[in-house]
Amino acid sequence: MSTKVVCVVGLGYIGLPTAALLATNGYQVVGVDLNPHAVATINQGQIHIVEPDLDAYVRSAVVAGKLKAYATPQQADIYMICVPTPFHEGGDIPQPNIDFVLAAARGIAHLVKPGNLVILESTSPVGTTQRMSEILQEAGADLSSVHLAYCPERVLPGKIMTELVENDRVVGGLTPEATRLVSNFYRTFVRGEVLETDAQTAEMCKLAENSYRDVNIAFANEMSLLCTKAGINVWRLIQLANRHPRVNILQPGAGVGGHCIAVDPWFIVARDPKNARLIRTAREVNNFKTEWVIDQIKIAMDAALTRTGRKPRVACLGLAFKPDIDDLRESPALHIALRLQMQGYDVVAVEPNISSHNELSLVDLEEALAISDVAALLVKHKQFVEPSVKEKLHASGAMDFCGVGI
Ligand SMILES: NC(=O)c1ccc[n+]([C@@H]2O[C@H](COP(=O)([O-])OP(=O)(O)OC[C@H]3O[C@@H](n4cnc5c(N)ncnc54)[C@H](O)[C@@H]3O)[C@@H](O)[C@H]2O)c1
């Protein structure tokens with residue numbers, strides 16, 4: 001049997017690991033990205049994003065001639081679309097932006113041939129796979145025996161190369177045959193189970209997974225507000241409640257960040273605002289938690305001003321959207337630091353996972369505690385939970401918004 005060619009459109013955190021994995025699993029892979037720096041870097045056998053083990057996969061695939069990157073789509077047997085799906089800012093309910101997906105579909109329309117598989121992996125509002133097929137047809141593609149399916153990605157950044165292989169996958173085709181053929185393709189490189197459904201269910205499944213996480217975090221965040229007001233330590237409360245055999249409350253924090261959980265629930269709300277009440281409320285609760293943290297810090301800053309008689313300084317401890325990563329996308333901690341600074345507060349930040357920031361003054365923890373009047377723990381990085389550090393944080397009266405436990 002001849003080697004199948006896979007064209008992966010979008011070589012970011014999802015597309016590049018997928019392309020590299022396929023290239024080391026017997027496929028010839030042509031990757032496409034609009035970003036010339038990404039294309040050039042990959043063709044040198046290097047990577048332009050941070051992800052453990054990815055560099056070795058890409059290097060060996062490129063050296064073996066199995067992976068090559070291009071600026072424009074190339075002829076293939078299988079097309080995989082892994083482009084961003086952000087939302088449009090503004091408005092009461094943020095609306096999904098599927099422009100990148102539609103542009104990617106238009107980009108491959110002239111190449112798609114009968115017998116091809118076209119797979120959408122980008123997290124998308126329900127109906128996007130169908131919309132993609134209409135776009136392909138409008139652009140002149142003959143879809144008579146082209147098989148379109150949706151297969152959402154569930155990987156955790158930092159463990160992508162393992163989870164791409166081990167996670168169970170959900171595949172939903174626009175036809176039962178598309179579902180079967182695309183599922184069989186995934187079974188050639190995924191060790192997890194490949195579960196078959198239709199396109200709309202697969203699209204909703206991904207949105208449901210992230211909304212479920214958001215709703216559960218919102219519960220923990222709401223408990224943290226109620227407990228603070230009542231003078232109860234919410235982390236201890238959650239430990240105790242979780243000893244109930246059927247209770248598992250998540251951990252509260254400074255909000256919810258990242259480009260998945262903080263974004264995808266809006267795709268459900270935007271489509272059916274009347275019925276998506278809980279999901280919308282969860283988004284609002286999690287966003288409100290960030291505003292509440294800002295208010296708490298301001299109260300502490302006012303008290304410091306009264307105490308010392310001079311302009312106080314706040315140290316924001318952690319900027320990333322979750323512990324032990326360098327990703328600041330949609331990060332509540334970053335939002336808090338920037339908002340305080342914008343409002344005229346004197347802010348320094350500690351973020352062990354990045355070396356500089358173009359808007360914030362970064363210092364190390366020792367210095368931050370020495371020069372600040374208020375310290376706010378915003379992200380539970382491993383550097384902050386070491387026992388000797390916790391002692392110092394406790395002695396400085398740091399405000400714990402992320403459960404370091406000082
Ligand atoms: N990163 C994750 O952890 C993760 C997890 C699950 C799902 N997802 C979803 O996967 C999708 C991709 O996310 P990502 O993190 O890889 O995004 P990313 O921003 O890291 O990468 C997307 C890439 O697509 C390129 N691109 C955009 N339009 C293009 C086009 N028309 N042709 C070719 N290239 C194009 C961009 O230049 C970029 O390099 C999103 O829908 C995201 O929500 C991401």
# chains A, B, ... in the order shown; residues from 1 in each chain; ligands from 1

$ residues_around --residues "range 76-92 of chain A" --least-positions-apart "4" --cutoff "6 Å" --atoms "only C-alpha atoms" --output "PDB file with C-alpha atoms, in the first residue's frame"
ATOM      1  CA  VAL A   5       0.010  11.942   2.625  1.00  0.00           C
ATOM      2  CA  VAL A   6      -1.496  14.042   5.429  1.00  0.00           C
ATOM      3  CA  CYS A   7      -1.766  17.826   5.131  1.00  0.00           C
ATOM      4  CA  VAL A   8      -1.957  19.461   8.575  1.00  0.00           C
ATOM      5  CA  VAL A   9      -3.220  23.046   8.363  1.00  0.00           C
ATOM      6  CA  GLY A  10      -2.058  25.147  11.354  1.00  0.00           C
ATOM      7  CA  GLY A  15      -1.093  20.902  14.690  1.00  0.00           C
ATOM      8  CA  PRO A  96     -17.272  32.511  18.373  1.00  0.00           C
ATOM      9  CA  ASN A  97     -14.870  33.471  15.625  1.00  0.00           C
ATOM     10  CA  ILE A  98     -14.530  30.628  13.110  1.00  0.00           C
ATOM     11  CA  ASN A 116     -10.013  12.254   0.655  1.00  0.00           C
ATOM     12  CA  LEU A 117     -10.672  12.652   4.381  1.00  0.00           C
ATOM     13  CA  VAL A 118     -11.104  16.202   5.750  1.00  0.00           C
ATOM     14  CA  ILE A 119     -10.924  16.445   9.540  1.00  0.00           C
ATOM     15  CA  LEU A 120     -11.578  19.464  11.743  1.00  0.00           C
ATOM     16  CA  GLU A 121      -9.733  19.352  15.074  1.00  0.00           C
ATOM     17  CA  SER A 122     -10.150  22.990  16.173  1.00  0.00           C
TER      18      SER A 122
END

$ residues_around --residues "Arg59 in chain A" --least-positions-apart "6" --cutoff "10 Å" --atoms "only C-alpha atoms" --output "PyMOL selection string"
chain A and resi 20+42-47+65+67

$ closest_residue --among "A:Ala56, A:Ala202, A:Leu143, A:Ile261" --to "ligand 1" --atoms "only C-alpha atoms and all ligand atoms"
A:Ile261

$ atom_distance --atom1 "CA of Thr175 in chain A" --atom2 "CA of Leu102 in chain A"
20.2 Å

$ select_by_dssp --residues "range 123-337 of chain A" --states "strand (DSSP E)" --output "NGL selection string"
:A and (147-150 or 169-173 or 194-198 or 313-317)

$ write_last_selection --atoms "C-alpha atoms" --output "short mmCIF file (atom, residue, chain, number, x, y, z; two decimals), in the first residue's frame"
data_model
loop_
_atom_site.label_atom_id
_atom_site.label_comp_id
_atom_site.auth_asym_id
_atom_site.auth_seq_id
_atom_site.Cartn_x
_atom_site.Cartn_y
_atom_site.Cartn_z
CA HIS A 147 -15.41 12.26 3.95
CA LEU A 148 -15.67 15.09 6.49
CA ALA A 149 -15.49 14.62 10.25
CA TYR A 150 -14.87 16.45 13.49
CA ARG A 169 -10.85 10.26 21.04
CA VAL A 170 -14.32 11.11 19.79
CA VAL A 171 -14.90 11.14 16.03
CA GLY A 172 -18.08 12.45 14.45
CA GLY A 173 -18.53 12.37 10.69
CA VAL A 194 -11.68 5.93 19.35
CA LEU A 195 -15.39 6.49 19.97
CA GLU A 196 -17.73 7.01 17.04
CA THR A 197 -20.61 9.49 16.84
CA ASP A 198 -21.93 12.20 14.50
CA ARG A 313 3.55 48.65 46.45
CA VAL A 314 1.90 45.31 45.65
CA ALA A 315 3.76 42.16 44.62
CA CYS A 316 1.71 39.90 42.33
CA LEU A 317 3.05 36.39 42.84
#

$ residues_near_ligand --ligand "ligand 1" --cutoff "7 Å" --atoms "only C-alpha atoms and all ligand atoms" --output "PyMOL selection string"
chain A and resi 9-15+32-35+38+82-85+100-101+103-104+107+121-124+152-157+259-260

$ closest_atom_pairs --of "range 178-258 of chain A" --to "range 128-132 of chain A" --cutoff "9 Å" --atoms "only C-alpha atoms" --output "JSON lines"
{"residue": "A:Ala199", "atom": "CA", "partner": "A:Thr129", "partner_atom": "CA", "distance": 6.7}
{"residue": "A:Gln200", "atom": "CA", "partner": "A:Thr129", "partner_atom": "CA", "distance": 8.0}
{"residue": "A:Glu203", "atom": "CA", "partner": "A:Thr128", "partner_atom": "CA", "distance": 8.0}

$ write_last_selection --atoms "C-alpha atoms" --output "CSV table (one decimal), in the first residue's frame"
chain,number,residue,atom,x,y,z
A,199,ALA,CA,-20.3,15.6,13.8
A,200,GLN,CA,-22.7,17.7,15.9
A,203,GLU,CA,-18.6,19.3,18.4

$ atom_distance --atom1 "CA of Ala23 in chain A" --atom2 "CA of Ala61 in chain A"
5.7 Å

$ residues_around --residues "Ser331 in chain A" --least-positions-apart "5" --cutoff "12 Å" --atoms "only C-alpha atoms" --output "MDAnalysis selection string"
chainID A and resid 253:263 286:287 290 318:323 325:326 336:338 378:379

$ residues_around --residues "range 395-401 of chain A" --least-positions-apart "5" --cutoff "12 Å" --atoms "only C-alpha atoms" --output "MDAnalysis selection string"
chainID A and resid 221 224:225 228 233:235 251:255 289:290 292:294 296:301 304 314:318 332:333 336 365:366 368:380 384:385 388:390 406

$ atom_distance --atom1 "CA of Asp272 in chain A" --atom2 "CA of Ile93 in chain A"
10.7 Å

$ residues_around --residues "range 191-193 of chain A" --least-positions-apart "4" --cutoff "10 Å" --atoms "only C-alpha atoms" --output "list in words"
Glu163, Leu164, Val165, Glu166, Asn167, Asp168, Arg169, Val170, Ser183, Tyr186 and Arg187 of chain A
